[in-house]
Amino acid sequence: MSHRGVGAGQRPVGARGVLEFAATAARARPATAAPQTHDGVTPRRYQRSLAFLAAGALAVPLLAGCGSDDEGSKPLAGQDIVPVARDAVAEGGTLKIAVDAVPETLNTFQADADAGTTRVAQAVLPSMFTIDATGKPVRNPDYLESAKVIETEPRQVVLYKLDQQAVWSDGREIGAADFAAQWRALSGKDSAYWTARNAGYDRIAQIERGANDLEVRVTFDRPYADWKSLFSPLYPKDVMGTPDAFNDGARRKLAVTAGPFRVDKVDTAKKDVVLTRNPRWWGRPAKLDEIDLHAVDREKRASALAAGTVDVADIDASEAERISIAGREKGTGLPLQGAGKTSAKKLRSWALTLGMDEEKLPDGPKKLRRSIAKWLEQQHELRDFEVRKSLEPAFTQLALNGSEGPLADERVRRAVARALDRKALAKLVLTPLGLPAVPVGSHVALSGQAAYTDGSGAVGDLDAHEAQALLADAGWVAGGPIKTGGKAAGAEDEKKKGDKGDESDGGHDGQYIVGEDDKAHDKDTRDHQKDHAHGAPGAYAPKGTAAPRGAGAPAGPLAKDGKALSLRFVLPSGPGSETLQTVADRISKMLDKVGIVTEIKKVSDDSYFKDHIASGQYDLALYSWPSSAFPATDARPIYAKPVVAADGSLNVEQNYTRVGTDQVDQLFDQALGTLDEDEADGLLRKADSRIWAAAGSLPLYQRPQIVGARKDLVNVGAFGFQTPVYQDMGFLKKGAKVSPSPSK
């Protein structure tokens with residue numbers, strides 16, 4: 001037996017997450033990020049494959065000609081992490097990172113794994129491959145000397161040659177037994193393992209020791225293009241070896257690890273996960289003594305930074321603005337002593353000029369004065385912080401539920417697509433942040449990744465006249481007769497199938513109609529719509545029908561079979577959802593111009609994904625999906641054609657738009673089965689064109705990645721695609737200099 005002791009080596013691990021929602025994933029991978037709702041937002045990690053599908057049976061000429069191959073040459077925005085060499089990083093210290101919650105499990109392969117789970121795994125467990133700045137998998141030299149396909153006939157065989165120093169924290173060598181235990185646990189053959197996914201592992205035929213203990217030989221029973229996605233992270237056989245150990249053994253502790261850090265404790269009372277240096281780590285030693293993952297609510301991140309509770313945190317645009325303006329004012333302009341000297345009105349006006357949140361301002365001068373004093377104190381502390389920003393490897397999309405109602409007609413979905421000005425929506429979100437405002441052109445990759453090409457030409461550019469023509473072809477007539485008491489075609493019964501309205505606002509208070517006059521949600525306008533008829537004499541529009549439009553717009557609500565064309569637009573209402581609501585309002589105005597009325601319905605975060613998106617109780621919705629380095633594996637269940645299960649239910653996998661085609665499925669399967677990377681990328685581009693053409697999912701913009709961090713923190717911040725290197729993170733050494741970040 002060869003000996004692999006503790007020695008010198010090198011290298012990383014990485015990713016990041018946001019506000020997350022549970023999602024069931026039959027083929028999901030370890031959770032990094034699922035669909036996300038808020039911007040700061042997504043529903044929960046792909047696991048690695050959670051995502052939405054869009055593809056309908058449709059004849060689309062010249063699909064392969066859409067887009068150009070040079071558009072994905074580089075990421076739209078680079079990293080912003082203040083990169084420095086290791087000799088400029090101080091030895092020691094504790095880095096406190098904000099997370100959304102203390103992880104429910106430390107096993108990334110379980111359904112309730114979240115972004116915190118992923119962070120822990122990246123810092124303490126082996127990953128055979130990490131992700132580079134262009135979203136491409138690269139060999140991790142801390143664990144692998146090499147990994148390559150050595151046979152393709154009669155079956156694909158991958159040979160892993162492990163670093164001779166790679167050992168678990170208990171001193172045992174990392175080897176074939178660990179690979180085999182993980183394969184058996186995740187293969188899907190033993191239902192006693194409560195796994196969230198088996199993608200890729202279900203294609204393995206056997207795992208065996210190679211020529212020596214340093215070699216692991218993996219044989220596949222079917223070709224698997226995304227074999228580099230496997231065994232990242234790799235858990236010890238102690239966790240994967242039995243169902244009991246897998247299901248319960250790694251939920252609150254990881255006794256055996258093999259990364260630059262180890263799990264010291266999970267403290268649910270203090271909302272902390274504490275990671276400390278791993279004394280058996282053979283690679284470049286961690287600069288930090290400790291990393292604390294501390295749970296902080298999204299709306300309290302700026303306050304936590306100011307209080308020193310955390311050193312770095314994902315933040316939203318308003319908190320970024322607070323940090324940016326901190327310290328600019330030389331004086332307050334008003335005395336804070338002597339209550340009664342200044343009126344509440346003047347104090348409130350002054351508070352708003354400072355940038356305070358109007359909705360959170362208390363009444364009365366005394367309370368206002370205390371609130372302002374606290375805010376100014378926090379601003380003083382925030383001078384020690386800066387904003388680091390990039391584009392997250394995730395995109396926000398408009399989902400169109402094609403299972404029923406008007407959107408079941410492909411022509412109506414395509415009309416929605418032709419009515420959207422996606423460039424304007426990208427500018428709305430990204431331009432104020434100083435980030436590139438370029439619409440996302442692919443469902444399967446982002447700019448910078450090899451498979452990226454703008455395939456949006458398959459559905460067509462912005463063209464309101466063409467949108468109206470498609471609607472007319474589908475039978476939706478402007479000013480057509482509407483039956484008395486009739487229901488709008490897209491609006492389901494609010495109480496049907498668990499739809500309980502906005503839990504925070506109460507019943508229908510969270511719902512309003514967006515009409516062409518921009519005031520359709522005001523009470524007077526709703527009353528006008530309710531009490532006045534549009535269209536044929538004697539016919540009465542249902543409550544919620546849009547007000548009459550001006551010149552150049554349809555002469556009344558579009559109608560078909562006596563029902564008005566109205567789509568229910570469901571949104572989350574919790575903290576962090578402001579950007580989505582702004583985008584939804586703009587989309588509604590765009591659709592109104594072609595005669596499509598939208599009913600915006602805000603619901604609680606807890607019910608948004610589970611009760612609306614996953615269950616299909618919506619017409620339109622906004623949420624995000626992470627991009628993947630392995631789209632053939634991870635994007636397929638998002639865009640797979642729903643199938644009827646043996647019990648009669650519809651199996652949608654992660655395709656929550658319920659729009660799919662056999663051809664798209666075949667293209668994904670072909671891409672997954674070829675070992676030629678160029679061929680696979682070409683097949684994925686063809687699949688993307690057909691997904692665009694079906695118009696079930698319309699990518700809008702790449703999500704902003706905004707991080708508040710202490711100014712002296714280095715190798716930390718907005719990572720973009722790239723896996724963070726936890727052992728290089730730390731505080732700048734006194735006297736050391738850094739070059740300005742390229743993004744600043």
# chains A, B, ... in the order shown; residues from 1 in each chain; ligands from 1
>>> residues_around(residues="Phe569 in chain A", least_positions_apart="6", cutoff="7 Å", atoms="only C-alpha atoms", output="list of chain:residue names")
A:Thr598, A:Glu599, A:Ile600, A:Lys601, A:Tyr618, A:Asp619, A:Leu620, A:Ala621
>>> closest_residue(among="A:Thr657, A:Ile638, A:Gln156, A:Gly574", to="Asp606 in chain A", atoms="only C-alpha atoms")
A:Gly574
>>> closest_residue(among="A:Arg636, A:His443, A:Lys423, A:Arg411", to="Asn655 in chain A", atoms="only C-alpha atoms")
A:Arg636
>>> residues_around(residues="range 253-268 of chain A", least_positions_apart="3", cutoff="9 Å", atoms="only C-alpha atoms", output="short mmCIF file (atom, residue, chain, number, x, y, z; two decimals) with all heavy atoms, in the first residue's frame")
data_model
loop_
_atom_site.label_atom_id
_atom_site.label_comp_id
_atom_site.auth_asym_id
_atom_site.auth_seq_id
_atom_site.Cartn_x
_atom_site.Cartn_y
_atom_site.Cartn_z
N PRO A 12 -8.36 24.89 -4.87
CA PRO A 12 -9.63 25.45 -4.37
C PRO A 12 -10.89 24.61 -4.11
O PRO A 12 -10.79 23.42 -3.97
CB PRO A 12 -9.95 26.47 -5.45
CG PRO A 12 -9.47 25.82 -6.70
CD PRO A 12 -8.31 24.91 -6.28
N VAL A 13 -12.03 25.32 -4.17
CA VAL A 13 -13.43 24.84 -4.05
C VAL A 13 -14.42 26.01 -4.15
O VAL A 13 -14.04 27.09 -3.80
CB VAL A 13 -13.65 24.13 -2.69
CG1 VAL A 13 -14.59 22.98 -2.83
CG2 VAL A 13 -12.37 23.74 -2.04
N VAL A 102 -29.03 28.56 8.88
CA VAL A 102 -28.18 27.43 9.24
C VAL A 102 -28.66 26.23 8.43
O VAL A 102 -29.86 25.92 8.44
CB VAL A 102 -28.27 27.13 10.75
CG1 VAL A 102 -27.49 25.86 11.09
CG2 VAL A 102 -27.72 28.30 11.55
N PRO A 103 -27.79 25.56 7.70
CA PRO A 103 -28.24 24.45 6.85
C PRO A 103 -28.97 23.37 7.64
O PRO A 103 -28.56 23.01 8.76
CB PRO A 103 -26.92 23.90 6.28
CG PRO A 103 -25.95 25.02 6.38
CD PRO A 103 -26.33 25.78 7.61
N THR A 105 -29.10 20.40 6.57
CA THR A 105 -28.27 19.21 6.38
C THR A 105 -26.92 19.63 5.81
O THR A 105 -26.81 20.66 5.13
CB THR A 105 -28.94 18.22 5.41
OG1 THR A 105 -28.08 17.09 5.20
CG2 THR A 105 -29.23 18.87 4.06
N LEU A 106 -25.89 18.83 6.09
CA LEU A 106 -24.57 19.05 5.51
C LEU A 106 -24.32 18.08 4.37
O LEU A 106 -23.22 18.01 3.84
CB LEU A 106 -23.48 18.91 6.58
CG LEU A 106 -23.58 19.91 7.74
CD1 LEU A 106 -22.43 19.70 8.73
CD2 LEU A 106 -23.58 21.35 7.24
N ASN A 107 -25.36 17.34 3.99
CA ASN A 107 -25.28 16.40 2.87
C ASN A 107 -25.89 17.08 1.64
O ASN A 107 -27.11 17.23 1.54
CB ASN A 107 -26.04 15.12 3.21
CG ASN A 107 -25.90 14.05 2.15
OD1 ASN A 107 -25.56 14.33 1.00
ND2 ASN A 107 -26.17 12.81 2.51
N VAL A 120 -20.35 24.92 2.85
CA VAL A 120 -19.61 24.03 3.76
C VAL A 120 -18.89 22.96 2.96
O VAL A 120 -17.69 22.71 3.16
CB VAL A 120 -20.56 23.39 4.79
CG1 VAL A 120 -19.82 22.34 5.62
CG2 VAL A 120 -21.16 24.46 5.71
N ALA A 121 -19.61 22.33 2.04
CA ALA A 121 -19.01 21.26 1.24
C ALA A 121 -17.81 21.76 0.46
O ALA A 121 -16.79 21.07 0.34
CB ALA A 121 -20.06 20.67 0.30
N GLN A 122 -17.89 22.94 -0.08
CA GLN A 122 -16.79 23.49 -0.86
C GLN A 122 -15.53 23.69 -0.03
O GLN A 122 -14.42 23.56 -0.54
CB GLN A 122 -17.22 24.83 -1.48
CG GLN A 122 -18.26 24.69 -2.56
CD GLN A 122 -18.95 26.00 -2.86
OE1 GLN A 122 -18.70 27.01 -2.18
NE2 GLN A 122 -19.80 26.00 -3.86
N ALA A 123 -15.71 24.02 1.22
CA ALA A 123 -14.56 24.31 2.09
C ALA A 123 -13.97 23.08 2.76
O ALA A 123 -12.80 23.10 3.16
CB ALA A 123 -14.97 25.33 3.16
N VAL A 124 -14.76 22.01 2.90
CA VAL A 124 -14.30 20.89 3.73
C VAL A 124 -14.23 19.55 3.02
O VAL A 124 -13.71 18.58 3.58
CB VAL A 124 -15.19 20.74 5.00
CG1 VAL A 124 -15.32 22.05 5.74
CG2 VAL A 124 -16.57 20.17 4.67
N LEU A 125 -14.73 19.45 1.78
CA LEU A 125 -14.78 18.16 1.09
C LEU A 125 -14.04 18.19 -0.25
O LEU A 125 -13.90 19.26 -0.86
CB LEU A 125 -16.24 17.74 0.86
CG LEU A 125 -17.04 17.34 2.09
CD1 LEU A 125 -18.51 17.17 1.73
CD2 LEU A 125 -16.49 16.05 2.71
N PRO A 126 -13.61 17.04 -0.73
CA PRO A 126 -12.97 16.98 -2.04
C PRO A 126 -13.95 17.28 -3.17
O PRO A 126 -15.12 16.90 -3.11
CB PRO A 126 -12.49 15.52 -2.14
CG PRO A 126 -12.51 14.99 -0.75
CD PRO A 126 -13.60 15.74 -0.04
N ALA A 166 -3.48 12.90 -0.68
CA ALA A 166 -4.88 13.16 -0.34
C ALA A 166 -5.41 12.15 0.68
O ALA A 166 -5.52 10.95 0.39
CB ALA A 166 -5.74 13.11 -1.60
N VAL A 167 -5.72 12.65 1.87
CA VAL A 167 -6.23 11.79 2.94
C VAL A 167 -7.43 12.45 3.61
O VAL A 167 -7.58 13.67 3.60
CB VAL A 167 -5.15 11.52 4.01
CG1 VAL A 167 -3.99 10.72 3.44
CG2 VAL A 167 -4.66 12.82 4.65
N TRP A 168 -8.28 11.61 4.19
CA TRP A 168 -9.37 12.11 5.02
C TRP A 168 -8.80 12.59 6.35
O TRP A 168 -7.66 12.25 6.72
CB TRP A 168 -10.41 11.03 5.25
CG TRP A 168 -11.10 10.59 3.99
CD1 TRP A 168 -10.89 9.42 3.32
CD2 TRP A 168 -12.09 11.31 3.26
NE1 TRP A 168 -11.69 9.37 2.20
CE2 TRP A 168 -12.44 10.52 2.13
CE3 TRP A 168 -12.71 12.55 3.43
CZ2 TRP A 168 -13.39 10.93 1.20
CZ3 TRP A 168 -13.66 12.96 2.50
CH2 TRP A 168 -14.00 12.16 1.40
N SER A 169 -9.58 13.37 7.08
CA SER A 169 -9.10 13.95 8.33
C SER A 169 -8.82 12.90 9.41
O SER A 169 -8.15 13.19 10.40
CB SER A 169 -10.11 14.97 8.86
OG SER A 169 -11.40 14.39 8.99
N ASP A 170 -9.31 11.67 9.22
CA ASP A 170 -8.99 10.60 10.17
C ASP A 170 -7.73 9.85 9.75
O ASP A 170 -7.37 8.84 10.38
CB ASP A 170 -10.16 9.63 10.32
CG ASP A 170 -10.52 8.91 9.01
OD1 ASP A 170 -9.85 9.16 7.99
OD2 ASP A 170 -11.48 8.12 9.02
N ILE A 174 -7.93 8.65 0.64
CA ILE A 174 -9.08 8.77 -0.24
C ILE A 174 -8.89 7.78 -1.38
O ILE A 174 -7.81 7.72 -1.98
CB ILE A 174 -9.19 10.20 -0.80
CG1 ILE A 174 -9.40 11.20 0.34
CG2 ILE A 174 -10.31 10.31 -1.82
CD1 ILE A 174 -9.35 12.65 -0.10
N TYR A 235 -18.00 12.49 -0.68
CA TYR A 235 -18.13 12.23 0.75
C TYR A 235 -17.39 10.95 1.11
O TYR A 235 -17.23 10.05 0.27
CB TYR A 235 -19.61 12.09 1.13
CG TYR A 235 -20.34 13.42 1.22
CD1 TYR A 235 -20.82 14.04 0.08
CD2 TYR A 235 -20.53 14.05 2.43
CE1 TYR A 235 -21.48 15.26 0.13
CE2 TYR A 235 -21.19 15.27 2.51
CZ TYR A 235 -21.66 15.87 1.36
OH TYR A 235 -22.31 17.09 1.43
N PRO A 236 -16.94 10.82 2.36
CA PRO A 236 -16.27 9.58 2.78
C PRO A 236 -17.27 8.43 2.83
O PRO A 236 -18.48 8.64 2.95
CB PRO A 236 -15.74 9.93 4.17
CG PRO A 236 -16.66 10.99 4.68
CD PRO A 236 -17.02 11.80 3.47
N ASP A 238 -17.89 6.65 5.14
CA ASP A 238 -18.59 6.69 6.43
C ASP A 238 -19.97 7.33 6.29
O ASP A 238 -20.90 6.97 7.01
CB ASP A 238 -17.78 7.51 7.45
CG ASP A 238 -16.33 7.11 7.52
OD1 ASP A 238 -15.63 7.27 6.50
OD2 ASP A 238 -15.88 6.64 8.58
N VAL A 239 -20.11 8.29 5.36
CA VAL A 239 -21.38 8.97 5.14
C VAL A 239 -22.23 8.22 4.11
O VAL A 239 -23.44 8.10 4.25
CB VAL A 239 -21.15 10.42 4.66
CG1 VAL A 239 -22.45 11.07 4.21
CG2 VAL A 239 -20.50 11.24 5.77
N GLY A 249 -26.68 10.71 9.23
CA GLY A 249 -25.35 10.88 9.82
C GLY A 249 -24.67 12.18 9.51
O GLY A 249 -23.80 12.62 10.27
N ALA A 250 -25.03 12.83 8.40
CA ALA A 250 -24.32 14.06 8.00
C ALA A 250 -25.24 15.27 8.00
O ALA A 250 -24.98 16.26 7.32
CB ALA A 250 -23.70 13.88 6.62
N LYS A 271 -27.01 30.48 15.50
CA LYS A 271 -27.17 30.55 14.05
C LYS A 271 -25.82 30.54 13.33
O LYS A 271 -25.60 31.29 12.39
CB LYS A 271 -27.99 31.78 13.65
CG LYS A 271 -29.39 31.81 14.22
CD LYS A 271 -30.15 33.04 13.75
CE LYS A 271 -31.56 33.06 14.31
NZ LYS A 271 -32.32 34.25 13.84
N ASP A 272 -24.92 29.68 13.79
CA ASP A 272 -23.57 29.63 13.24
C ASP A 272 -23.18 28.22 12.80
O ASP A 272 -23.55 27.24 13.44
CB ASP A 272 -22.54 30.07 14.29
CG ASP A 272 -22.49 31.57 14.48
OD1 ASP A 272 -22.78 32.29 13.51
OD2 ASP A 272 -22.16 32.02 15.59
N VAL A 273 -22.41 28.16 11.72
CA VAL A 273 -21.65 26.97 11.37
C VAL A 273 -20.18 27.40 11.41
O VAL A 273 -19.79 28.32 10.69
CB VAL A 273 -22.00 26.43 9.97
CG1 VAL A 273 -21.14 25.21 9.65
CG2 VAL A 273 -23.48 26.08 9.89
N VAL A 274 -19.40 26.75 12.26
CA VAL A 274 -18.02 27.16 12.48
C VAL A 274 -17.07 26.17 11.79
O VAL A 274 -17.11 24.97 12.06
CB VAL A 274 -17.69 27.24 13.99
CG1 VAL A 274 -16.23 27.64 14.19
CG2 VAL A 274 -18.62 28.23 14.67
N LEU A 275 -16.25 26.71 10.89
CA LEU A 275 -15.24 25.91 10.19
C LEU A 275 -13.86 26.35 10.66
O LEU A 275 -13.59 27.55 10.76
CB LEU A 275 -15.35 26.11 8.67
CG LEU A 275 -16.73 25.99 8.03
CD1 LEU A 275 -16.63 26.27 6.53
CD2 LEU A 275 -17.33 24.62 8.29
N THR A 276 -13.00 25.38 10.97
CA THR A 276 -11.64 25.70 11.40
C THR A 276 -10.64 24.97 10.51
O THR A 276 -10.99 24.04 9.79
CB THR A 276 -11.42 25.29 12.87
OG1 THR A 276 -11.74 23.90 13.03
CG2 THR A 276 -12.30 26.11 13.80
N ARG A 277 -9.39 25.41 10.57
CA ARG A 277 -8.35 24.80 9.74
C ARG A 277 -8.28 23.29 9.96
O ARG A 277 -8.39 22.81 11.08
CB ARG A 277 -6.99 25.39 10.09
CG ARG A 277 -6.69 26.73 9.47
CD ARG A 277 -5.32 27.17 9.92
NE ARG A 277 -4.94 28.46 9.35
CZ ARG A 277 -4.01 29.23 9.89
NH1 ARG A 277 -3.39 28.84 10.99
NH2 ARG A 277 -3.70 30.37 9.32
N ASN A 278 -8.08 22.57 8.87
CA ASN A 278 -7.92 21.12 8.93
C ASN A 278 -6.42 20.81 9.11
O ASN A 278 -5.63 21.07 8.22
CB ASN A 278 -8.43 20.50 7.63
CG ASN A 278 -8.20 19.00 7.56
OD1 ASN A 278 -7.80 18.36 8.54
ND2 ASN A 278 -8.44 18.43 6.39
N PRO A 279 -6.03 20.26 10.27
CA PRO A 279 -4.61 20.01 10.52
C PRO A 279 -4.01 18.95 9.59
O PRO A 279 -2.79 18.88 9.45
CB PRO A 279 -4.58 19.55 11.98
CG PRO A 279 -5.95 19.05 12.25
CD PRO A 279 -6.87 19.88 11.43
N ARG A 280 -4.85 18.15 8.95
CA ARG A 280 -4.35 17.12 8.03
C ARG A 280 -4.38 17.56 6.57
O ARG A 280 -4.12 16.76 5.68
CB ARG A 280 -5.15 15.82 8.19
CG ARG A 280 -4.80 15.03 9.44
CD ARG A 280 -5.45 13.66 9.38
NE ARG A 280 -5.04 12.82 10.50
CZ ARG A 280 -3.98 12.03 10.51
NH1 ARG A 280 -3.19 12.00 9.46
NH2 ARG A 280 -3.69 11.30 11.56
N TRP A 281 -4.66 18.82 6.33
CA TRP A 281 -4.71 19.32 4.96
C TRP A 281 -3.31 19.34 4.36
O TRP A 281 -2.38 19.87 4.94
CB TRP A 281 -5.33 20.72 4.93
CG TRP A 281 -5.31 21.41 3.61
CD1 TRP A 281 -4.63 22.55 3.29
CD2 TRP A 281 -5.98 21.00 2.42
NE1 TRP A 281 -4.86 22.90 1.98
CE2 TRP A 281 -5.68 21.96 1.41
CE3 TRP A 281 -6.81 19.93 2.09
CZ2 TRP A 281 -6.18 21.88 0.11
CZ3 TRP A 281 -7.32 19.84 0.80
CH2 TRP A 281 -7.01 20.80 -0.17
N TRP A 282 -3.16 18.77 3.18
CA TRP A 282 -1.87 18.64 2.52
C TRP A 282 -1.57 19.75 1.51
O TRP A 282 -0.46 19.87 1.02
CB TRP A 282 -1.80 17.29 1.81
CG TRP A 282 -2.87 17.15 0.76
CD1 TRP A 282 -2.77 17.44 -0.56
CD2 TRP A 282 -4.22 16.72 0.98
NE1 TRP A 282 -3.97 17.22 -1.19
CE2 TRP A 282 -4.89 16.77 -0.27
CE3 TRP A 282 -4.95 16.30 2.11
CZ2 TRP A 282 -6.23 16.42 -0.42
CZ3 TRP A 282 -6.28 15.95 1.96
CH2 TRP A 282 -6.91 16.01 0.70
N GLY A 283 -2.61 20.53 1.17
CA GLY A 283 -2.43 21.58 0.17
C GLY A 283 -1.90 22.86 0.77
O GLY A 283 -1.38 22.89 1.89
N ARG A 284 -2.04 23.95 0.03
CA ARG A 284 -1.63 25.24 0.56
C ARG A 284 -2.45 25.52 1.80
O ARG A 284 -3.69 25.49 1.76
CB ARG A 284 -1.88 26.34 -0.47
CG ARG A 284 -1.05 26.21 -1.72
CD ARG A 284 -1.48 27.20 -2.78
NE ARG A 284 -2.90 27.08 -3.10
CZ ARG A 284 -3.46 27.67 -4.14
NH1 ARG A 284 -2.74 28.39 -4.96
NH2 ARG A 284 -4.76 27.53 -4.37
N PRO A 285 -1.82 25.79 2.93
CA PRO A 285 -2.57 25.95 4.18
C PRO A 285 -3.51 27.16 4.13
O PRO A 285 -3.21 28.17 3.49
CB PRO A 285 -1.48 26.14 5.23
CG PRO A 285 -0.28 26.60 4.47
CD PRO A 285 -0.37 25.95 3.13
N ALA A 286 -4.63 27.03 4.79
CA ALA A 286 -5.59 28.14 4.85
C ALA A 286 -4.97 29.32 5.56
O ALA A 286 -4.29 29.17 6.57
CB ALA A 286 -6.85 27.68 5.57
N ASP A 289 -7.82 31.36 10.31
CA ASP A 289 -7.97 30.35 11.37
C ASP A 289 -9.36 29.74 11.32
O ASP A 289 -9.54 28.55 11.61
CB ASP A 289 -7.77 30.99 12.75
CG ASP A 289 -6.35 31.48 12.98
OD1 ASP A 289 -5.42 30.79 12.54
OD2 ASP A 289 -6.19 32.55 13.59
N GLU A 290 -10.35 30.58 10.96
CA GLU A 290 -11.74 30.15 11.12
C GLU A 290 -12.64 30.88 10.12
O GLU A 290 -12.40 32.04 9.78
CB GLU A 290 -12.19 30.47 12.55
CG GLU A 290 -13.54 29.99 12.96
CD GLU A 290 -13.81 30.27 14.44
OE1 GLU A 290 -13.06 29.74 15.31
OE2 GLU A 290 -14.75 31.04 14.72
N ILE A 291 -13.66 30.17 9.65
CA ILE A 291 -14.73 30.77 8.86
C ILE A 291 -16.04 30.48 9.57
O ILE A 291 -16.35 29.32 9.86
CB ILE A 291 -14.79 30.20 7.43
CG1 ILE A 291 -13.52 30.56 6.65
CG2 ILE A 291 -16.02 30.71 6.69
CD1 ILE A 291 -13.47 29.95 5.26
N TYR A 726 -11.05 28.82 -0.90
CA TYR A 726 -11.24 29.16 0.51
C TYR A 726 -9.93 29.31 1.27
O TYR A 726 -9.83 30.13 2.19
CB TYR A 726 -12.14 28.10 1.17
CG TYR A 726 -13.59 28.28 0.83
CD1 TYR A 726 -14.10 27.79 -0.38
CD2 TYR A 726 -14.45 28.95 1.66
CE1 TYR A 726 -15.42 27.96 -0.72
CE2 TYR A 726 -15.79 29.14 1.33
CZ TYR A 726 -16.27 28.64 0.14
OH TYR A 726 -17.59 28.83 -0.20
N GLN A 727 -8.91 28.56 0.88
CA GLN A 727 -7.65 28.65 1.61
C GLN A 727 -6.88 29.93 1.31
O GLN A 727 -5.95 30.27 2.03
CB GLN A 727 -6.76 27.43 1.35
CG GLN A 727 -6.38 27.19 -0.09
CD GLN A 727 -7.32 26.24 -0.78
OE1 GLN A 727 -8.54 26.36 -0.63
NE2 GLN A 727 -6.78 25.30 -1.52
#
>>> closest_residue(among="A:Pro631, A:Gly576, A:Gly696, A:Pro243", to="Asp669 in chain A", atoms="only C-alpha atoms")
A:Pro631
>>> atom_distance(atom1="CA of Lys136 in chain A", atom2="CA of Thr674 in chain A")
17.3 Å
>>> residues_around(residues="Asp712 in chain A", least_positions_apart="5", cutoff="10 Å", atoms="only C-alpha atoms", output="PyMOL selection string")
chain A and resi 82+89+311+384-386+730-734+738
>>> select_by_dssp(residues="range 40-228 of chain A", states="alpha helix (DSSP H)", output="list of chain:residue names")
A:Ala115, A:Gly116, A:Thr117, A:Thr118, A:Arg119, A:Val120, A:Ala121, A:Gln122, A:Ala123, A:Val124, A:Ala176, A:Ala177, A:Asp178, A:Phe179, A:Ala180, A:Ala181, A:Gln182, A:Trp183, A:Arg184, A:Ala185, A:Leu186
>>> write_last_selection(atoms="N, CA and C atoms", output="short mmCIF file (atom, residue, chain, number, x, y, z; two decimals), in the first residue's frame")
data_model
loop_
_atom_site.label_atom_id
_atom_site.label_comp_id
_atom_site.auth_asym_id
_atom_site.auth_seq_id
_atom_site.Cartn_x
_atom_site.Cartn_y
_atom_site.Cartn_z
N ALA A 115 -27.88 26.66 -0.06
CA ALA A 115 -26.62 27.33 -0.41
C ALA A 115 -25.61 27.23 0.72
N GLY A 116 -26.07 27.24 1.97
CA GLY A 116 -25.16 27.08 3.11
C GLY A 116 -24.53 25.70 3.11
N THR A 117 -25.31 24.69 2.77
CA THR A 117 -24.78 23.33 2.65
C THR A 117 -23.64 23.30 1.63
N THR A 118 -23.87 23.96 0.51
CA THR A 118 -22.87 23.97 -0.55
C THR A 118 -21.59 24.67 -0.11
N ARG A 119 -21.72 25.80 0.58
CA ARG A 119 -20.54 26.52 1.06
C ARG A 119 -19.69 25.63 1.95
N VAL A 120 -20.35 24.92 2.85
CA VAL A 120 -19.61 24.03 3.76
C VAL A 120 -18.89 22.96 2.96
N ALA A 121 -19.61 22.33 2.04
CA ALA A 121 -19.01 21.26 1.24
C ALA A 121 -17.81 21.76 0.46
N GLN A 122 -17.89 22.94 -0.08
CA GLN A 122 -16.79 23.49 -0.86
C GLN A 122 -15.53 23.69 -0.03
N ALA A 123 -15.71 24.02 1.22
CA ALA A 123 -14.56 24.31 2.09
C ALA A 123 -13.97 23.08 2.76
N VAL A 124 -14.76 22.01 2.90
CA VAL A 124 -14.30 20.89 3.73
C VAL A 124 -14.23 19.55 3.02
N ALA A 176 -10.84 4.26 -3.92
CA ALA A 176 -11.93 3.64 -4.67
C ALA A 176 -13.13 3.31 -3.79
N ALA A 177 -12.88 2.96 -2.53
CA ALA A 177 -13.98 2.60 -1.63
C ALA A 177 -14.93 3.77 -1.43
N ASP A 178 -14.40 4.99 -1.40
CA ASP A 178 -15.24 6.17 -1.24
C ASP A 178 -16.04 6.45 -2.51
N PHE A 179 -15.38 6.32 -3.67
CA PHE A 179 -16.07 6.51 -4.95
C PHE A 179 -17.21 5.49 -5.09
N ALA A 180 -16.93 4.24 -4.75
CA ALA A 180 -17.93 3.18 -4.90
C ALA A 180 -19.11 3.38 -3.96
N ALA A 181 -18.83 3.80 -2.73
CA ALA A 181 -19.91 4.02 -1.76
C ALA A 181 -20.83 5.15 -2.23
N GLN A 182 -20.25 6.21 -2.79
CA GLN A 182 -21.07 7.32 -3.27
C GLN A 182 -21.89 6.88 -4.48
N TRP A 183 -21.30 6.11 -5.37
CA TRP A 183 -22.05 5.61 -6.53
C TRP A 183 -23.25 4.77 -6.09
N ARG A 184 -23.04 3.84 -5.17
CA ARG A 184 -24.14 2.97 -4.73
C ARG A 184 -25.24 3.78 -4.06
N ALA A 185 -24.86 4.78 -3.28
CA ALA A 185 -25.86 5.59 -2.59
C ALA A 185 -26.69 6.42 -3.56
N LEU A 186 -26.07 6.91 -4.64
CA LEU A 186 -26.72 7.86 -5.54
C LEU A 186 -27.19 7.25 -6.85
#
>>> select_by_dssp(residues="range 153-392 of chain A", states="strand (DSSP E or B)", output="PyMOL selection string")
chain A and resi 157-162+167+173+204-209+215-220+261-267+272-277+290-295+312-314+385-392
>>> residues_around(residues="Arg414 in chain A", least_positions_apart="6", cutoff="12 Å", atoms="only C-alpha atoms", output="VMD selection string")
chain A and resid 54 to 56 58 60 400 402 406 to 408 420 456 to 464 466 to 471 473 to 474 591 691 to 698
